[in-house]
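Enquirer: Below is the file input.cif, with mmCIF, C-alpha atoms.
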data_my_file
#
loop_
_atom_site.label_atom_id
_atom_site.label_comp_id
_atom_site.auth_asym_id
_atom_site.auth_seq_id
_atom_site.Cartn_x
_atom_site.Cartn_y
_atom_site.Cartn_z
CA MET A 1 27.31 -40.00 58.42
CA TYR A 2 30.07 -42.62 58.63
CA LEU A 3 30.58 -43.76 55.07
CA GLU A 4 32.03 -47.24 55.31
CA PHE A 5 31.05 -50.60 53.93
CA ASP A 6 30.17 -53.66 56.00
CA LEU A 7 32.49 -55.72 53.83
CA ASP A 8 36.02 -56.98 54.41
CA ARG A 9 37.01 -56.64 50.76
CA PRO A 10 37.07 -53.85 48.19
CA ILE A 11 33.70 -53.10 46.68
CA ARG A 12 33.05 -53.64 42.99
CA VAL A 13 31.08 -51.07 41.04
CA LEU A 14 29.73 -51.38 37.51
CA LEU A 15 29.30 -47.94 35.96
CA VAL A 16 27.05 -47.99 32.90
CA GLU A 17 27.49 -44.65 31.17
CA ASP A 18 28.18 -43.55 27.61
CA HIS A 19 29.39 -39.99 28.29
CA LYS A 20 33.20 -40.13 28.41
CA MET A 21 33.64 -37.19 30.73
CA ASN A 22 31.03 -38.54 33.15
CA GLN A 23 32.78 -41.91 33.08
CA MET A 24 36.10 -40.38 34.02
CA VAL A 25 34.69 -38.05 36.66
CA ALA A 26 32.63 -40.76 38.34
CA ARG A 27 35.54 -43.20 38.36
CA LYS A 28 38.01 -40.65 39.75
CA THR A 29 35.51 -39.45 42.36
CA LEU A 30 34.92 -42.99 43.61
CA GLU A 31 38.61 -43.90 43.58
CA ARG A 32 39.45 -40.75 45.51
CA LYS A 33 36.90 -41.66 48.19
CA TRP A 34 37.74 -45.38 48.43
CA ASN A 35 41.19 -46.09 47.05
CA ASP A 36 40.68 -49.85 46.80
CA ILE A 37 37.33 -49.63 45.01
CA GLN A 38 37.08 -51.56 41.72
CA VAL A 39 35.23 -49.64 39.03
CA THR A 40 34.33 -51.31 35.74
CA ILE A 41 32.86 -49.19 32.96
CA ALA A 42 30.34 -50.24 30.32
CA ASP A 43 29.51 -47.82 27.49
CA ASN A 44 25.93 -49.02 27.23
CA GLY A 45 23.44 -51.50 28.65
CA LYS A 46 24.25 -54.26 26.20
CA ILE A 47 27.90 -54.24 27.21
CA ALA A 48 26.84 -54.13 30.87
CA THR A 49 24.77 -57.31 30.54
CA GLU A 50 27.71 -59.05 28.82
CA ILE A 51 30.02 -58.06 31.67
CA LEU A 52 27.42 -59.22 34.20
CA GLU A 53 27.39 -62.68 32.59
CA LYS A 54 30.98 -63.07 33.81
CA GLU A 55 31.45 -60.86 36.86
CA LEU A 56 29.58 -60.02 40.05
CA PHE A 57 29.31 -56.49 41.43
CA ASP A 58 28.19 -54.91 44.67
CA ILE A 59 26.32 -52.09 42.97
CA ILE A 60 25.45 -50.83 39.48
CA LEU A 61 25.39 -47.13 38.63
CA MET A 62 23.15 -46.83 35.59
CA ASP A 63 22.74 -43.95 33.19
CA ILE A 64 19.27 -43.93 31.66
CA GLN A 65 19.63 -42.51 28.18
CA MET A 66 22.19 -44.57 26.29
CA PRO A 67 22.49 -45.94 22.76
CA ILE A 68 21.80 -49.60 21.88
CA MET A 69 20.25 -50.52 25.25
CA ASP A 70 19.07 -47.81 27.63
CA GLY A 71 19.09 -47.86 31.41
CA TYR A 72 15.45 -48.86 31.86
CA GLU A 73 15.70 -51.71 29.38
CA THR A 74 18.98 -52.89 30.91
CA THR A 75 17.59 -52.82 34.44
CA GLU A 76 14.53 -54.77 33.41
CA TYR A 77 16.75 -57.32 31.69
CA ILE A 78 18.97 -57.67 34.77
CA ARG A 79 16.01 -58.02 37.13
CA THR A 80 14.02 -60.50 35.08
CA LEU A 81 16.44 -62.49 32.93
CA MET A 82 19.71 -62.74 34.81
CA PRO A 83 20.63 -65.24 37.56
CA PRO A 84 19.39 -64.39 41.11
CA ALA A 85 22.80 -63.18 42.36
CA VAL A 86 22.99 -60.68 39.51
CA ALA A 87 19.31 -59.76 39.61
CA ALA A 88 19.69 -58.80 43.28
CA ILE A 89 22.48 -56.26 42.74
CA PRO A 90 21.34 -52.77 43.79
CA ILE A 91 20.94 -50.41 40.84
CA LEU A 92 21.21 -46.64 41.20
CA ALA A 93 20.06 -44.55 38.27
CA MET A 94 22.41 -41.70 37.46
CA THR A 95 20.50 -39.33 35.30
CA ALA A 96 20.17 -35.78 34.09
CA HIS A 97 16.40 -36.30 33.78
CA ALA A 98 15.28 -33.80 36.40
CA HIS A 99 11.74 -35.23 36.49
CA ILE A 100 12.87 -38.72 37.50
CA SER A 101 11.57 -38.41 41.05
CA LYS A 102 8.12 -37.40 39.82
CA ASP A 103 7.19 -40.24 37.54
CA GLN A 104 8.77 -43.05 39.59
CA LYS A 105 9.43 -44.87 36.31
CA PHE A 106 12.84 -45.87 37.62
CA ARG A 107 11.17 -47.96 40.33
CA GLN A 108 8.80 -49.62 37.88
CA PHE A 109 11.79 -50.92 35.96
CA GLY A 110 13.48 -52.16 39.13
CA MET A 111 15.99 -49.45 39.98
CA ASP A 112 16.44 -48.92 43.71
CA ASP A 113 17.11 -45.21 43.75
CA PHE A 114 18.60 -42.39 41.71
CA VAL A 115 21.27 -39.69 41.77
CA LEU A 116 20.79 -36.60 39.65
CA LYS A 117 23.54 -35.46 37.30
CA PRO A 118 25.58 -33.36 37.58
CA PHE A 119 26.00 -35.36 40.76
CA GLU A 120 27.04 -34.18 44.17
CA PRO A 121 29.76 -36.57 45.44
CA LYS A 122 28.53 -36.82 49.02
CA GLN A 123 25.05 -37.79 47.91
CA LEU A 124 26.47 -40.47 45.62
CA PHE A 125 28.71 -41.86 48.40
CA GLN A 126 25.82 -42.01 50.87
CA LYS A 127 23.58 -43.87 48.47
CA ILE A 128 26.28 -46.33 47.45
CA VAL A 129 27.06 -47.17 51.07
CA LYS A 130 23.39 -47.46 51.94
CA TYR A 131 22.54 -49.90 49.16
CA VAL A 132 25.74 -51.95 49.28
CA ASN A 133 25.37 -52.46 53.02
CA ARG A 134 21.68 -53.22 52.73
CA ASN A 135 22.33 -55.83 50.06
CA ASN A 136 25.19 -57.32 52.07
CA LYS A 137 22.88 -57.77 55.07
CA THR A 138 20.30 -59.48 52.87
CA ASP A 139 22.96 -61.90 51.64
CA GLU A 140 23.97 -62.94 55.16
CA MET B 1 21.74 -10.79 19.69
CA SER B 2 23.92 -9.80 22.64
CA ILE B 3 23.97 -12.25 25.51
CA GLU B 4 25.59 -11.53 28.82
CA ILE B 5 25.90 -13.74 31.82
CA THR B 6 24.50 -12.06 34.88
CA LYS B 7 25.76 -14.46 37.54
CA PRO B 8 29.09 -13.37 38.98
CA MET B 9 31.89 -15.73 38.06
CA ASN B 10 34.32 -17.11 40.57
CA ASP B 11 36.91 -17.62 37.85
CA GLN B 12 37.85 -13.96 37.96
CA ALA B 13 38.98 -13.46 34.38
CA TYR B 14 36.16 -15.40 32.74
CA SER B 15 32.81 -14.20 31.46
CA TYR B 16 31.60 -17.26 29.55
CA ILE B 17 32.60 -20.19 31.74
CA ASN B 18 32.22 -21.00 35.40
CA LEU B 19 34.45 -23.85 36.52
CA ASP B 20 33.06 -24.25 40.05
CA TYR B 21 31.67 -27.70 39.36
CA MET B 22 34.77 -28.82 37.50
CA ASN B 23 36.96 -27.55 40.33
CA MET B 24 34.83 -29.38 42.88
CA MET B 25 35.01 -32.63 40.93
CA SER B 26 38.72 -32.42 40.17
CA ASP B 27 39.35 -31.55 43.83
CA GLY B 28 42.75 -29.94 43.32
CA ASP B 29 43.93 -32.57 40.84
CA VAL B 30 45.34 -30.28 38.13
CA GLU B 31 46.06 -33.14 35.77
CA MET B 32 42.47 -34.33 35.97
CA LYS B 33 41.19 -30.79 35.44
CA LYS B 34 43.33 -30.42 32.33
CA VAL B 35 42.05 -33.73 30.96
CA MET B 36 38.48 -32.58 31.61
CA ILE B 37 39.04 -29.26 29.84
CA ASP B 38 40.69 -30.95 26.88
CA MET B 39 37.74 -33.35 26.64
CA LEU B 40 35.40 -30.35 26.61
CA LEU B 41 37.44 -28.68 23.88
CA ASP B 42 37.05 -31.83 21.86
CA GLU B 43 33.44 -32.74 22.66
CA LEU B 44 31.64 -29.41 22.78
CA PRO B 45 32.17 -28.45 19.11
CA THR B 46 31.36 -32.01 17.97
CA GLU B 47 28.12 -32.19 19.96
CA LEU B 48 27.13 -28.71 18.85
CA GLU B 49 27.74 -29.57 15.22
CA LYS B 50 25.52 -32.64 15.60
CA MET B 51 22.77 -30.51 17.11
CA GLU B 52 23.03 -27.94 14.32
CA LYS B 53 22.62 -30.64 11.69
CA LEU B 54 19.71 -32.26 13.50
CA THR B 55 18.00 -28.87 13.82
CA ARG B 56 18.46 -28.20 10.10
CA ASP B 57 17.16 -31.66 9.24
CA ALA B 58 14.25 -31.34 11.71
CA GLU B 59 15.25 -34.62 13.38
CA ARG B 60 13.54 -33.76 16.65
CA GLY B 61 13.83 -37.12 18.42
CA GLU B 62 17.56 -37.39 17.85
CA LEU B 63 18.00 -33.71 18.62
CA GLY B 64 16.41 -34.33 22.03
CA SER B 65 18.83 -37.22 22.67
CA VAL B 66 21.95 -35.29 21.70
CA SER B 67 20.75 -32.28 23.65
CA HIS B 68 20.28 -34.50 26.69
CA LYS B 69 23.92 -35.59 26.46
CA MET B 70 24.96 -32.00 25.97
CA LYS B 71 23.45 -31.30 29.40
CA SER B 72 26.26 -33.25 31.04
CA THR B 73 28.90 -31.51 28.95
CA LEU B 74 27.53 -28.07 29.76
CA ALA B 75 27.47 -28.80 33.49
CA TYR B 76 31.27 -28.64 33.37
CA VAL B 77 31.33 -25.51 31.18
CA GLY B 78 29.14 -23.61 33.63
CA ASN B 79 27.59 -21.12 31.23
CA GLU B 80 24.05 -20.52 32.43
CA VAL B 81 22.66 -19.18 29.17
CA MET B 82 24.01 -22.15 27.25
CA THR B 83 22.68 -24.54 29.89
CA GLU B 84 19.23 -22.98 29.85
CA SER B 85 19.07 -22.80 26.04
CA ASN B 86 20.09 -26.43 25.75
CA LYS B 87 17.60 -27.49 28.41
CA ASN B 88 14.78 -25.86 26.45
CA ILE B 89 15.96 -27.40 23.17
CA GLU B 90 15.77 -30.83 24.78
CA LEU B 91 12.35 -30.13 26.27
CA TYR B 92 10.86 -28.69 23.07
CA ALA B 93 12.38 -31.39 20.86
CA LYS B 94 11.08 -34.19 23.06
CA ASP B 95 7.64 -32.68 23.59
CA ARG B 96 7.37 -31.48 19.96
CA GLN B 97 6.30 -28.09 21.29
CA HIS B 98 7.52 -24.54 20.64
CA LEU B 99 9.67 -25.92 17.85
CA ASP B 100 9.73 -22.47 16.24
CA GLN B 101 11.94 -21.36 19.15
CA VAL B 102 14.58 -24.04 18.62
CA PRO B 103 16.56 -22.13 15.95
CA ASP B 104 16.91 -19.10 18.26
CA LEU B 105 18.02 -21.32 21.12
CA MET B 106 20.53 -22.99 18.82
CA ALA B 107 21.75 -19.52 17.84
CA ASN B 108 22.41 -18.82 21.53
CA LEU B 109 24.56 -21.93 21.75
CA GLN B 110 26.35 -21.13 18.50
CA SER B 111 27.17 -17.59 19.51
CA LEU B 112 28.36 -18.44 23.02
CA ALA B 113 30.26 -21.66 22.32
CA PRO B 114 33.29 -20.04 20.61
CA LYS B 115 33.68 -17.61 23.52
CA ALA B 116 33.38 -20.37 26.09
CA LEU B 117 35.86 -22.47 24.10
CA ASP B 118 38.35 -19.58 24.00
CA GLU B 119 38.18 -19.30 27.78
CA LEU B 120 38.51 -23.05 28.21
CA ARG B 121 41.62 -22.98 26.01
CA ALA B 122 43.06 -20.23 28.16
CA GLU B 123 42.36 -22.23 31.31
CA SER B 124 43.89 -25.34 29.76
CA GLU B 125 47.09 -23.41 29.12
CA ARG B 126 47.13 -22.25 32.74
CA CYS B 127 46.89 -25.82 34.06
#
Is it possible to give me this structure as structure tokens?
Expert:
Amino acid sequence: MYLEFDLDRPIRVLLVEDHKMNQMVARKTLERKWNDIQVTIADNGKIATEILEKELFDIILMDIQMPIMDGYETTEYIRTLMPPAVAAIPILAMTAHAHISKDQKFRQFGMDDFVLKPFEPKQLFQKIVKYVNRNNKTDE
Amino acid sequence: MSIEITKPMNDQAYSYINLDYMNMMSDGDVEMKKVMIDMLLDELPTELEKMEKLTRDAERGELGSVSHKMKSTLAYVGNEVMTESNKNIELYAKDRQHLDQVPDLMANLQSLAPKALDELRAESERC
């Protein structure tokens, strides 16, 4: 699979994750794959919504279990209470909850898809490209 | 209780850690690998201490949450017994089932963590 974006600018990723090691590994993995990628990190959902008040992103990578505001709550907030351009950003759950595919709860809260942690880089790249390109086509 | 890891380790000299995932994620970046190991050396004892306290205090909900975070940490350590014990602690704490088994599972973590940490220290020095 050819993993490139249909965009003529660097893509912007918001990584919402409270585990420091996961933050660093995800950031480094993405930067190694796309050297001009812009990765912003939020330690929890509350911080993510504050960042989203000021900045637009091409995709959000969302941990589920976080303090203060978890991934489900944050996604619901983004989808229902934020401006349309923000509410339309694709959201990928990144979770160590192995049962996530069974209960489909992530879809009920408005997440587009999920990647299981510990994540496999290729799978993450494929899903990021898929959803960024899909959203870019919708915008056109 | 004597616990041995049955899976063969790729890191030839190690019996309590398996750095395959860490090596894959650091992708030859030695500096990144060292940072990851040093983070583990810092985080693993802290998270374990939190879990011990929550087990003693019977704070099951919070124990499940901390155990869930520990899952990510243990993915980089690569000790299957620790991973499995922690997975069951999270499951039992969240489901409020088999709680009588939690102390034994915690004992697994407590007995293996110092050995895993010793090997991580050795690997850090090699980086």
Enquirer: Between CA of Leu92 (chain A) and CA of Leu61 (chain A), what is the spacing in Å?
Expert: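 So the two atoms, CA of Leu61 (chain A) and CA of Leu92 (chain A), lie 4.9 Å apart.
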Enquirer: Determine the residue membership of the PyMOL selection byres ((chain A and resi 126) around 12) for the file above and supply it as a list in words.
Expert: Met1, Tyr2, Leu3, Glu4, Phe5, Leu30, Lys33, Leu92, Asp113, Phe114, Val115, Glu120, Pro121, Lys122, Gln123, Leu124, Phe125, Lys127, Ile128, Val129, Lys130, Tyr131, Val132 and Asn133 of chain A
Enquirer: As a list in words, please: the residues near region 21-24 of chain B (cut-off 10 Å, only C-alpha atoms, same-chain neighbours under 2 positions excluded).
Expert: Val25, Pro118, Phe119, Glu120 and Pro121 of chain A; Asn18, Leu19, Ser26, Asp27, Gly28, Asp29, Val30, Met32, Lys33, Met36, Ile37, Ala75, Tyr76, Val77 and Gly78 of chain B
Enquirer: Within 12 Å of chain B, which residues of chain A show up when using all atoms listed in the file, listed as a ChimeraX atom specification?
Expert: /A:17-33,63-67,70,94-99,116-122
Enquirer: Got a sec to resolve the PyMOL selection byres ((chain B and resi 86-89) around 7) on this structure and send the residues as a ChimeraX atom specification?
Expert: /B:67,71,82-85,90-93,102,105
Enquirer: Might you pull out every residue within 10 Å of Ala113 (chain B), with all atoms listed in the file counted and same-chain residues fewer than 6 positions away left off, and present them as a list of chain:residue names?
Expert: B:Tyr16, B:Ile17, B:Leu44, B:Pro45, B:Leu48, B:Val77, B:Asn79, B:Met82, B:Ala107, B:Glu119
Enquirer: Within 9 Å of region 80-83 of chain A, counting all atoms listed in the file, which residues show up once you throw out same-chain ones fewer than 6 positions away? Write them as a ChimeraX atom specification, please.
Expert: /A:49,52-53
Enquirer: Those same residues, written as a CSV table (one decimal), keeping the file's coordinate frame with C-alpha atoms?
Expert:
chain,number,residue,atom,x,y,z
A,49,THR,CA,24.8,-57.3,30.5
A,52,LEU,CA,27.4,-59.2,34.2
A,53,GLU,CA,27.4,-62.7,32.6
Enquirer: Grab the CA of Leu41 (chain B) to CA of Leu117 (chain B) distance for me, in Å with one decimal place.
Expert: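 These two atoms are separated by 6.4 Å.
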Enquirer: Pick from A:Ile59, A:Lys102, A:Trp34, A:Thr75: nearest to Lys46 (chain A), with only C-alpha atoms counted?
Expert: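 Distance minimum relative to Lys46 (chain A) lands on A:Thr75.
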Enquirer: Which residues, named as in the file, does the PyMOL selection byres ((chain A and resi 107) around 12) pick out? Answer as a list in words.
Expert: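 Applying the PyMOL selection byres ((chain A and resi 107) around 12) to the structure shown produces Gly71, Tyr72, Thr75, Glu76, Arg79, Pro90, Ile91, Leu92, Ala93, Ile100, Ser101, Lys102, Asp103, Gln104, Lys105, Phe106, Gln108, Phe109, Gly110, Met111, Asp112, Asp113 and Phe114 of chain A.
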Enquirer: Please, could you write that set of residues out with C-alpha atoms as a PDB file, keeping the file's coordinate frame?
Expert:
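Everything below was put into again00.pdb:
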ATOM      1  CA  GLY A  71      19.090 -47.860  31.410  1.00  0.00           C
ATOM      2  CA  TYR A  72      15.450 -48.860  31.860  1.00  0.00           C
ATOM      3  CA  THR A  75      17.590 -52.820  34.440  1.00  0.00           C
ATOM      4  CA  GLU A  76      14.530 -54.770  33.410  1.00  0.00           C
ATOM      5  CA  ARG A  79      16.010 -58.020  37.130  1.00  0.00           C
ATOM      6  CA  PRO A  90      21.340 -52.770  43.790  1.00  0.00           C
ATOM      7  CA  ILE A  91      20.940 -50.410  40.840  1.00  0.00           C
ATOM      8  CA  LEU A  92      21.210 -46.640  41.200  1.00  0.00           C
ATOM      9  CA  ALA A  93      20.060 -44.550  38.270  1.00  0.00           C
ATOM     10  CA  ILE A 100      12.870 -38.720  37.500  1.00  0.00           C
ATOM     11  CA  SER A 101      11.570 -38.410  41.050  1.00  0.00           C
ATOM     12  CA  LYS A 102       8.120 -37.400  39.820  1.00  0.00           C
ATOM     13  CA  ASP A 103       7.190 -40.240  37.540  1.00  0.00           C
ATOM     14  CA  GLN A 104       8.770 -43.050  39.590  1.00  0.00           C
ATOM     15  CA  LYS A 105       9.430 -44.870  36.310  1.00  0.00           C
ATOM     16  CA  PHE A 106      12.840 -45.870  37.620  1.00  0.00           C
ATOM     17  CA  GLN A 108       8.800 -49.620  37.880  1.00  0.00           C
ATOM     18  CA  PHE A 109      11.790 -50.920  35.960  1.00  0.00           C
ATOM     19  CA  GLY A 110      13.480 -52.160  39.130  1.00  0.00           C
ATOM     20  CA  MET A 111      15.990 -49.450  39.980  1.00  0.00           C
ATOM     21  CA  ASP A 112      16.440 -48.920  43.710  1.00  0.00           C
ATOM     22  CA  ASP A 113      17.110 -45.210  43.750  1.00  0.00           C
ATOM     23  CA  PHE A 114      18.600 -42.390  41.710  1.00  0.00           C
TER      24      PHE A 114
END
Enquirer: Rounded to one decimal, what separation in Å do you get between CA of Asp42 (chain B) and CA of Ala116 (chain B)?
Expert: 12.8 Å
